[in-house]
file my_file.cif (mmCIF, C-alpha atoms)
data_final
loop_
_atom_site.label_atom_id
_atom_site.label_comp_id
_atom_site.auth_asym_id
_atom_site.auth_seq_id
_atom_site.Cartn_x
_atom_site.Cartn_y
_atom_site.Cartn_z
CA ILE A 1 73.43 178.08 213.58
CA MET A 2 73.39 178.61 209.80
CA CYS A 3 70.38 178.60 207.49
CA ARG A 4 71.08 176.35 204.49
CA TYR A 5 68.95 178.53 202.20
CA HIS A 6 71.06 181.71 202.05
CA GLY A 7 73.77 181.05 204.63
CA TRP A 8 72.51 183.53 207.24
CA GLU A 9 73.91 182.80 210.69
CA PHE A 10 72.21 183.31 214.07
CA ASP A 11 73.41 183.15 217.66
CA THR A 12 71.71 181.37 220.55
CA ALA A 13 69.49 184.39 221.25
CA GLY A 14 68.12 184.43 217.70
CA THR A 15 70.14 187.46 216.58
CA CYS A 16 71.45 187.41 213.01
CA THR A 17 75.26 187.61 213.08
CA LYS A 18 76.14 187.14 209.41
CA ILE A 19 74.58 187.69 205.96
CA PRO A 20 77.23 186.46 203.48
CA MET A 21 75.63 187.99 200.35
CA MET A 22 75.09 191.46 201.83
CA LEU A 23 77.33 194.22 200.46
CA GLN A 24 79.93 195.38 202.96
CA GLU A 25 78.77 199.01 202.78
CA ASP A 26 75.16 197.98 203.47
CA GLN A 27 76.25 196.11 206.57
CA GLN A 28 77.38 199.41 208.07
CA GLN A 29 73.81 200.78 208.01
CA PRO A 30 72.17 200.23 211.44
CA GLU A 31 68.77 199.31 209.99
CA GLN A 32 70.25 196.82 207.52
CA ALA A 33 73.14 195.41 209.47
CA PRO A 34 72.98 191.72 210.42
CA LYS A 35 72.42 192.60 214.08
CA SER A 36 69.37 194.75 213.39
CA ASN A 37 66.39 194.02 215.66
CA ARG A 38 64.31 193.56 212.51
CA ILE A 39 66.29 190.44 211.60
CA ARG A 40 65.66 187.99 214.42
CA VAL A 41 64.28 184.50 214.82
CA PRO A 42 62.62 182.89 217.87
CA SER A 43 64.99 181.12 220.23
CA TYR A 44 64.15 177.72 221.75
CA PRO A 45 65.97 175.34 224.11
CA VAL A 46 67.99 172.62 222.35
CA LYS A 47 69.79 169.47 223.35
CA GLN A 48 72.61 167.71 221.49
CA ALA A 49 72.28 163.93 221.26
CA GLY A 50 72.97 161.24 218.70
CA GLY A 51 74.81 163.66 216.42
CA LEU A 52 71.76 165.95 216.15
CA LEU A 53 70.42 169.13 217.70
CA TRP A 54 66.93 168.57 219.13
CA ALA A 55 64.78 171.70 219.41
CA PHE A 56 61.96 171.91 221.96
CA MET A 57 59.41 174.23 220.37
CA ASP A 58 57.83 175.49 223.59
CA PRO A 59 58.39 179.27 223.97
CA PHE A 60 57.80 179.01 227.74
CA LEU A 61 60.21 176.12 228.36
CA GLU A 62 63.33 177.03 230.32
CA PRO A 63 66.63 175.32 229.38
CA GLU A 64 66.75 173.46 232.72
CA GLN A 65 63.27 172.05 232.00
CA VAL A 66 64.30 170.26 228.80
CA PRO A 67 63.33 166.58 229.24
CA GLU A 68 65.54 163.58 228.62
CA LEU A 69 65.30 162.16 225.12
CA ASP A 70 63.89 158.73 224.38
CA PRO A 71 66.93 156.61 223.29
CA ASN A 72 64.70 154.97 220.66
CA LEU A 73 64.60 158.29 218.80
CA LEU A 74 68.37 158.64 218.46
CA PRO A 75 70.04 157.68 215.14
CA PHE A 76 72.61 155.54 216.93
CA ALA A 77 72.50 153.98 220.37
CA GLU A 78 74.76 154.60 223.33
CA GLY A 79 78.08 152.85 222.72
CA GLU A 80 77.64 152.44 218.97
CA ASP A 81 80.41 153.69 216.70
CA PRO A 82 79.06 156.64 214.67
CA SER A 83 82.17 156.85 212.48
CA GLY A 84 82.12 155.86 208.83
CA ALA A 85 79.98 157.20 206.01
CA SER A 86 76.39 158.07 206.84
CA ILE A 87 73.32 159.06 204.83
CA TRP A 88 70.18 160.89 205.95
CA ALA A 89 66.94 160.68 203.99
CA TYR A 90 63.54 162.31 204.52
CA ASN A 91 60.48 161.29 202.51
CA VAL A 92 56.71 161.69 202.61
CA TRP A 93 54.71 158.73 201.31
CA PRO A 94 51.04 158.44 200.23
CA LEU A 95 50.67 155.45 202.55
CA SER A 96 49.49 155.00 206.11
CA TYR A 97 51.82 154.68 209.09
CA ASN A 98 50.76 151.04 209.51
CA SER A 99 51.53 150.19 205.89
CA MET A 100 54.95 151.89 205.96
CA LEU A 101 55.99 150.29 209.24
CA GLU A 102 54.88 146.86 208.05
CA ASN A 103 56.76 147.42 204.79
CA SER A 104 60.01 147.97 206.69
CA PHE A 105 59.78 144.44 208.11
CA ASP A 106 59.16 142.92 204.66
CA PRO A 107 62.63 142.89 203.02
CA SER A 108 61.57 140.49 200.27
CA HIS A 109 60.00 143.42 198.39
CA ALA A 110 63.36 145.21 197.93
CA PRO A 111 64.64 143.51 194.73
CA PHE A 112 61.34 144.26 192.99
CA THR A 113 60.08 147.58 194.39
CA HIS A 114 63.56 149.15 194.54
CA GLU A 115 64.83 147.77 191.23
CA GLY A 116 67.79 149.78 189.94
CA ILE A 117 68.63 151.41 193.28
CA GLN A 118 72.19 150.79 194.43
CA PHE A 119 73.19 151.25 198.04
CA VAL A 120 75.84 148.63 198.84
CA GLY A 121 76.91 145.99 196.35
CA PRO A 122 75.03 145.48 193.07
CA ALA A 123 71.79 147.35 192.45
CA TYR A 124 68.52 145.79 193.53
CA SER A 125 67.18 143.59 190.77
CA PRO A 126 64.53 140.86 190.38
CA ASP A 127 67.28 138.81 188.74
CA ASN A 128 69.16 138.74 192.06
CA ALA A 129 66.15 137.88 194.25
CA ILE A 130 66.31 134.67 196.29
CA PRO A 131 63.85 133.19 198.80
CA MET A 132 64.78 133.90 202.41
CA GLN A 133 65.68 130.59 204.05
CA GLN A 134 64.86 131.93 207.51
CA TYR A 135 62.61 134.68 208.90
CA ARG A 136 61.91 134.46 212.61
CA LEU A 137 62.04 136.07 216.02
CA VAL A 138 65.56 135.91 217.44
CA PRO A 139 65.69 132.62 219.38
CA GLY A 140 64.98 133.10 223.06
CA THR A 141 63.11 136.39 222.55
CA LYS A 142 59.43 137.26 222.32
CA ILE A 143 57.17 140.17 221.41
CA THR A 144 56.60 142.55 224.33
CA LYS A 145 55.40 146.11 224.90
CA ASP A 146 59.04 147.15 224.42
CA GLY A 147 59.11 145.72 220.88
CA PHE A 148 60.73 142.70 219.29
CA VAL A 149 63.80 141.55 217.37
CA LEU A 150 63.57 139.35 214.30
CA GLU A 151 66.27 138.00 212.02
CA HIS A 152 66.32 136.76 208.45
CA SER A 153 68.67 135.31 205.88
CA PRO A 154 69.62 137.11 202.60
CA TYR A 155 67.02 138.01 199.98
CA GLN A 156 69.49 138.97 197.21
CA LYS A 157 72.29 136.91 195.67
CA PHE A 158 74.94 139.55 196.31
CA LYS A 159 74.49 139.07 200.05
CA VAL A 160 75.35 135.37 199.80
CA SER A 161 79.09 134.81 200.25
CA SER A 162 79.05 131.02 200.35
CA ALA A 163 77.22 128.12 198.76
CA HIS A 164 74.86 127.98 201.73
CA PRO A 165 72.72 131.08 202.33
CA ALA A 166 72.02 130.05 205.93
CA ALA A 167 75.77 130.33 206.65
CA VAL A 168 75.75 134.06 205.88
CA PRO A 169 75.39 136.40 208.88
CA MET A 170 71.72 137.08 209.54
CA THR A 171 70.16 140.51 209.25
CA GLN A 172 68.41 141.77 212.39
CA ARG A 173 65.38 144.08 212.45
CA THR A 174 64.39 145.56 215.80
CA PHE A 175 61.07 147.30 216.45
CA LEU A 176 61.30 149.98 219.15
CA PRO A 177 57.83 151.39 219.88
CA PRO A 178 56.26 153.56 218.82
CA CYS A 179 58.01 154.40 215.57
CA THR A 180 61.52 152.97 215.09
CA ASN A 181 62.94 150.06 213.09
CA VAL A 182 66.67 149.37 213.51
CA VAL A 183 68.21 147.24 210.76
CA ARG A 184 71.66 145.67 211.19
CA ASP A 185 73.52 143.44 208.76
CA GLN A 186 77.11 142.90 207.59
CA PHE A 187 76.97 145.93 205.27
CA PHE A 188 75.26 148.72 207.21
CA THR A 189 73.13 149.81 210.13
CA ALA A 190 69.94 151.78 209.47
CA ARG A 191 67.40 153.46 211.71
CA LEU A 192 64.02 154.19 210.20
CA PHE A 193 61.65 156.55 211.99
CA PHE A 194 57.97 156.61 210.94
CA VAL A 195 55.86 159.71 211.55
CA PRO A 196 52.11 159.57 210.76
CA LEU A 197 50.96 162.81 209.12
CA THR A 198 47.40 161.94 208.12
CA PRO A 199 45.49 158.64 208.03
CA THR A 200 46.85 158.05 204.51
CA THR A 201 50.29 159.72 204.57
CA CYS A 202 53.45 159.00 206.52
CA ALA A 203 56.86 160.65 206.75
CA THR A 204 60.03 158.62 207.13
CA VAL A 205 63.37 159.81 208.46
CA THR A 206 66.09 157.28 207.65
CA TYR A 207 69.67 157.16 208.92
CA PHE A 208 72.10 154.81 207.13
CA GLN A 209 75.47 154.09 208.75
CA LEU A 210 78.22 152.26 206.86
CA PRO A 211 80.96 150.44 208.79
CA PRO A 212 84.19 152.40 209.44
CA GLY A 213 86.74 152.03 206.67
#
call {"tool": "encode", "arguments": {"input": "my_file.cif", "output": "structure tokens"}}
result
Amino acid sequence: IMCRYHGWEFDTAGTCTKIPMMLQEDQQQPEQAPKSNRIRVPSYPVKQAGGLLWAFMDPFLEPEQVPELDPNLLPFAEGEDPSGASIWAYNVWPLSYNSMLENSFDPSHAPFTHEGIQFVGPAYSPDNAIPMQQYRLVPGTKITKDGFVLEHSPYQKFKVSSAHPAAVPMTQRTFLPPCTNVVRDQFFTARLFFVPLTPTTCATVTYFQLPPG
């Protein structure tokens, strides 16, 4: 694995195997060479899933004891196509976990709060805001301990491709307890993970996936 700060590389035992900016002659000195015992990092069991490496930070955990991962924590579900452009984002907000999670199910704020931000299509703008014609639980579903799925019509003009907003494919937002909101529409799929840090701060890890092509 490579550290993004200076490009140092380490093997699975935590031994440094490469220091790109170290002079060649210095690398020949036993006490300064990349494989010196002084240059080591702790080694932990990892598992590869959902395009990520998941580290289990228990120094006493054996590799065969690594538990199965909760599918709700993966950036894309089993069977989904992970090809196409993708974007990762990490942010810390001065808002509570409850406020941030609730905000992610309130798309009508986007043209106003995110004015000027462009992701797909024209930038968000109050000038493009339109009332959502529908906002509801997906018909035939209900709220359970496993979450819920709601759907809504467009909230910006650029998402309307006909004279009738209700004719445009609906956007779905799925809550997967305890911390995941999966958003799917005709432009992208996004998974938002909410991590409470303190009673008044929350971290978000967001994965945007654009359709292939």
call {"tool": "residues_around", "arguments": {"input": "my_file.cif", "residues": "range 189-202 of chain A", "least_positions_apart": "6", "cutoff": "8 Å", "atoms": "only C-alpha atoms", "output": "JSON, numbers by chain"}}
result
{"A": [73, 75, 76, 92, 93, 94, 95, 96, 97, 100, 101, 179, 180, 181, 182, 183, 208, 209, 210, 211]}
call {"tool": "write_last_selection", "arguments": {"input": "my_file.cif", "atoms": "C-alpha atoms", "output": "mmCIF file, in the coordinates of the input"}}
result
data_model
loop_
_atom_site.group_PDB
_atom_site.id
_atom_site.type_symbol
_atom_site.label_atom_id
_atom_site.label_comp_id
_atom_site.auth_asym_id
_atom_site.auth_seq_id
_atom_site.Cartn_x
_atom_site.Cartn_y
_atom_site.Cartn_z
ATOM 1 C CA LEU A 73 64.600 158.290 218.800
ATOM 2 C CA PRO A 75 70.040 157.680 215.140
ATOM 3 C CA PHE A 76 72.610 155.540 216.930
ATOM 4 C CA VAL A 92 56.710 161.690 202.610
ATOM 5 C CA TRP A 93 54.710 158.730 201.310
ATOM 6 C CA PRO A 94 51.040 158.440 200.230
ATOM 7 C CA LEU A 95 50.670 155.450 202.550
ATOM 8 C CA SER A 96 49.490 155.000 206.110
ATOM 9 C CA TYR A 97 51.820 154.680 209.090
ATOM 10 C CA MET A 100 54.950 151.890 205.960
ATOM 11 C CA LEU A 101 55.990 150.290 209.240
ATOM 12 C CA CYS A 179 58.010 154.400 215.570
ATOM 13 C CA THR A 180 61.520 152.970 215.090
ATOM 14 C CA ASN A 181 62.940 150.060 213.090
ATOM 15 C CA VAL A 182 66.670 149.370 213.510
ATOM 16 C CA VAL A 183 68.210 147.240 210.760
ATOM 17 C CA PHE A 208 72.100 154.810 207.130
ATOM 18 C CA GLN A 209 75.470 154.090 208.750
ATOM 19 C CA LEU A 210 78.220 152.260 206.860
ATOM 20 C CA PRO A 211 80.960 150.440 208.790
#
call {"tool": "resolve_selection", "arguments": {"input": "my_file.cif", "expression": "the PyMOL selection byres ((chain A and resi 124-136) around 9)", "output": "PyMOL selection string"}}
result
chain A and resi 108+110-119+121-123+137-139+149-158+165-166+170
call {"tool": "atom_distance", "arguments": {"input": "my_file.cif", "atom1": "CA of Gln27 in chain A", "atom2": "CA of His6 in chain A"}}
result
16.0 Å
call {"tool": "closest_residue", "arguments": {"input": "my_file.cif", "among": "A:Trp54, A:Tyr207, A:Tyr44, A:Trp8", "to": "Asn91 in chain A", "atoms": "only C-alpha atoms"}}
result
A:Tyr207
call {"tool": "atom_distance", "arguments": {"input": "my_file.cif", "atom1": "CA of Gln29 in chain A", "atom2": "CA of Phe10 in chain A"}}
result
18.6 Å
call {"tool": "closest_residue", "arguments": {"input": "my_file.cif", "among": "A:Pro59, A:Thr144, A:Met2, A:Ser36", "to": "Pro20 in chain A", "atoms": "all atoms listed in the file"}}
result
A:Met2
call {"tool": "atom_distance", "arguments": {"input": "my_file.cif", "atom1": "CA of Thr204 in chain A", "atom2": "CA of Ser86 in chain A"}}
result
16.4 Å
call {"tool": "closest_residue", "arguments": {"input": "my_file.cif", "among": "A:Ser43, A:Val205, A:Leu61, A:Pro169", "to": "Ala89 in chain A", "atoms": "only C-alpha atoms"}}
result
A:Val205
call {"tool": "residues_around", "arguments": {"input": "my_file.cif", "residues": "Glu64 in chain A", "least_positions_apart": "3", "cutoff": "12 Å", "atoms": "only C-alpha atoms", "output": "PyMOL selection string"}}
result
chain A and resi 45-47+56+60-61+67-68
call {"tool": "decode", "arguments": {"input": "my_file.cif", "residues": "range 77-151 of chain A", "atoms": "C-alpha atoms", "output": "tab-separated table (two decimals), in the first residue's frame"}}
result
chain	number	residue	atom	x	y	z
A	77	ALA	CA	-24.56	-3.20	-3.85
A	78	GLU	CA	-24.03	-6.74	-5.03
A	79	GLY	CA	-24.86	-6.92	-8.74
A	80	GLU	CA	-24.62	-3.19	-9.39
A	81	ASP	CA	-22.38	-2.00	-12.21
A	82	PRO	CA	-19.47	-0.03	-10.67
A	83	SER	CA	-18.15	1.10	-14.07
A	84	GLY	CA	-18.41	4.70	-15.20
A	85	ALA	CA	-17.06	7.84	-13.57
A	86	SER	CA	-17.18	7.99	-9.79
A	87	ILE	CA	-16.52	10.67	-7.17
A	88	TRP	CA	-15.69	10.30	-3.48
A	89	ALA	CA	-16.23	13.14	-1.02
A	90	TYR	CA	-15.52	13.42	2.71
A	91	ASN	CA	-16.80	16.35	4.78
A	92	VAL	CA	-17.27	17.30	8.42
A	93	TRP	CA	-20.30	19.49	9.16
A	94	PRO	CA	-21.18	21.62	12.23
A	95	LEU	CA	-24.56	19.90	12.36
A	96	SER	CA	-25.94	16.92	14.24
A	97	TYR	CA	-26.30	13.46	12.74
A	98	ASN	CA	-30.10	13.81	12.86
A	99	SER	CA	-30.04	17.13	11.00
A	100	MET	CA	-27.67	15.86	8.29
A	101	LEU	CA	-29.61	12.63	7.72
A	102	GLU	CA	-32.89	14.51	7.55
A	103	ASN	CA	-31.32	16.98	5.12
A	104	SER	CA	-30.44	14.17	2.72
A	105	PHE	CA	-34.13	13.32	2.36
A	106	ASP	CA	-35.06	16.96	1.66
A	107	PRO	CA	-34.01	17.50	-1.99
A	108	SER	CA	-36.01	20.72	-2.34
A	109	HIS	CA	-33.19	22.60	-0.57
A	110	ALA	CA	-30.65	21.83	-3.33
A	111	PRO	CA	-31.38	24.70	-5.79
A	112	PHE	CA	-31.06	27.22	-2.96
A	113	THR	CA	-28.43	25.86	-0.54
A	114	HIS	CA	-26.18	24.51	-3.32
A	115	GLU	CA	-26.59	27.44	-5.71
A	116	GLY	CA	-23.76	27.55	-8.25
A	117	ILE	CA	-22.66	23.94	-7.76
A	118	GLN	CA	-22.68	21.88	-10.95
A	119	PHE	CA	-22.71	18.11	-10.84
A	120	VAL	CA	-24.79	16.90	-13.80
A	121	GLY	CA	-26.60	19.28	-16.13
A	122	PRO	CA	-26.87	23.00	-15.35
A	123	ALA	CA	-25.67	24.30	-11.99
A	124	TYR	CA	-28.11	24.42	-9.09
A	125	SER	CA	-29.97	27.71	-9.12
A	126	PRO	CA	-33.09	29.19	-7.49
A	127	ASP	CA	-34.12	30.19	-11.01
A	128	ASN	CA	-34.42	26.50	-11.93
A	129	ALA	CA	-36.33	25.41	-8.81
A	130	ILE	CA	-39.76	23.82	-9.30
A	131	PRO	CA	-42.19	22.34	-6.77
A	132	MET	CA	-42.01	18.56	-6.54
A	133	GLN	CA	-45.28	17.15	-7.85
A	134	GLN	CA	-44.85	13.94	-5.85
A	135	TYR	CA	-42.99	12.95	-2.67
A	136	ARG	CA	-44.07	9.65	-1.15
A	137	LEU	CA	-43.15	6.18	0.01
A	138	VAL	CA	-42.81	3.83	-2.94
A	139	PRO	CA	-46.29	2.36	-3.45
A	140	GLY	CA	-46.70	-0.98	-1.73
A	141	THR	CA	-43.87	-0.36	0.75
A	142	LYS	CA	-43.81	0.82	4.35
A	143	ILE	CA	-41.36	2.00	7.00
A	144	THR	CA	-39.77	-0.91	8.90
A	145	LYS	CA	-36.75	-1.53	11.11
A	146	ASP	CA	-34.85	-2.27	7.88
A	147	GLY	CA	-35.51	1.24	6.54
A	148	PHE	CA	-37.74	2.65	3.83
A	149	VAL	CA	-37.79	3.72	0.18
A	150	LEU	CA	-39.35	6.96	-0.97
A	151	GLU	CA	-39.61	8.51	-4.41
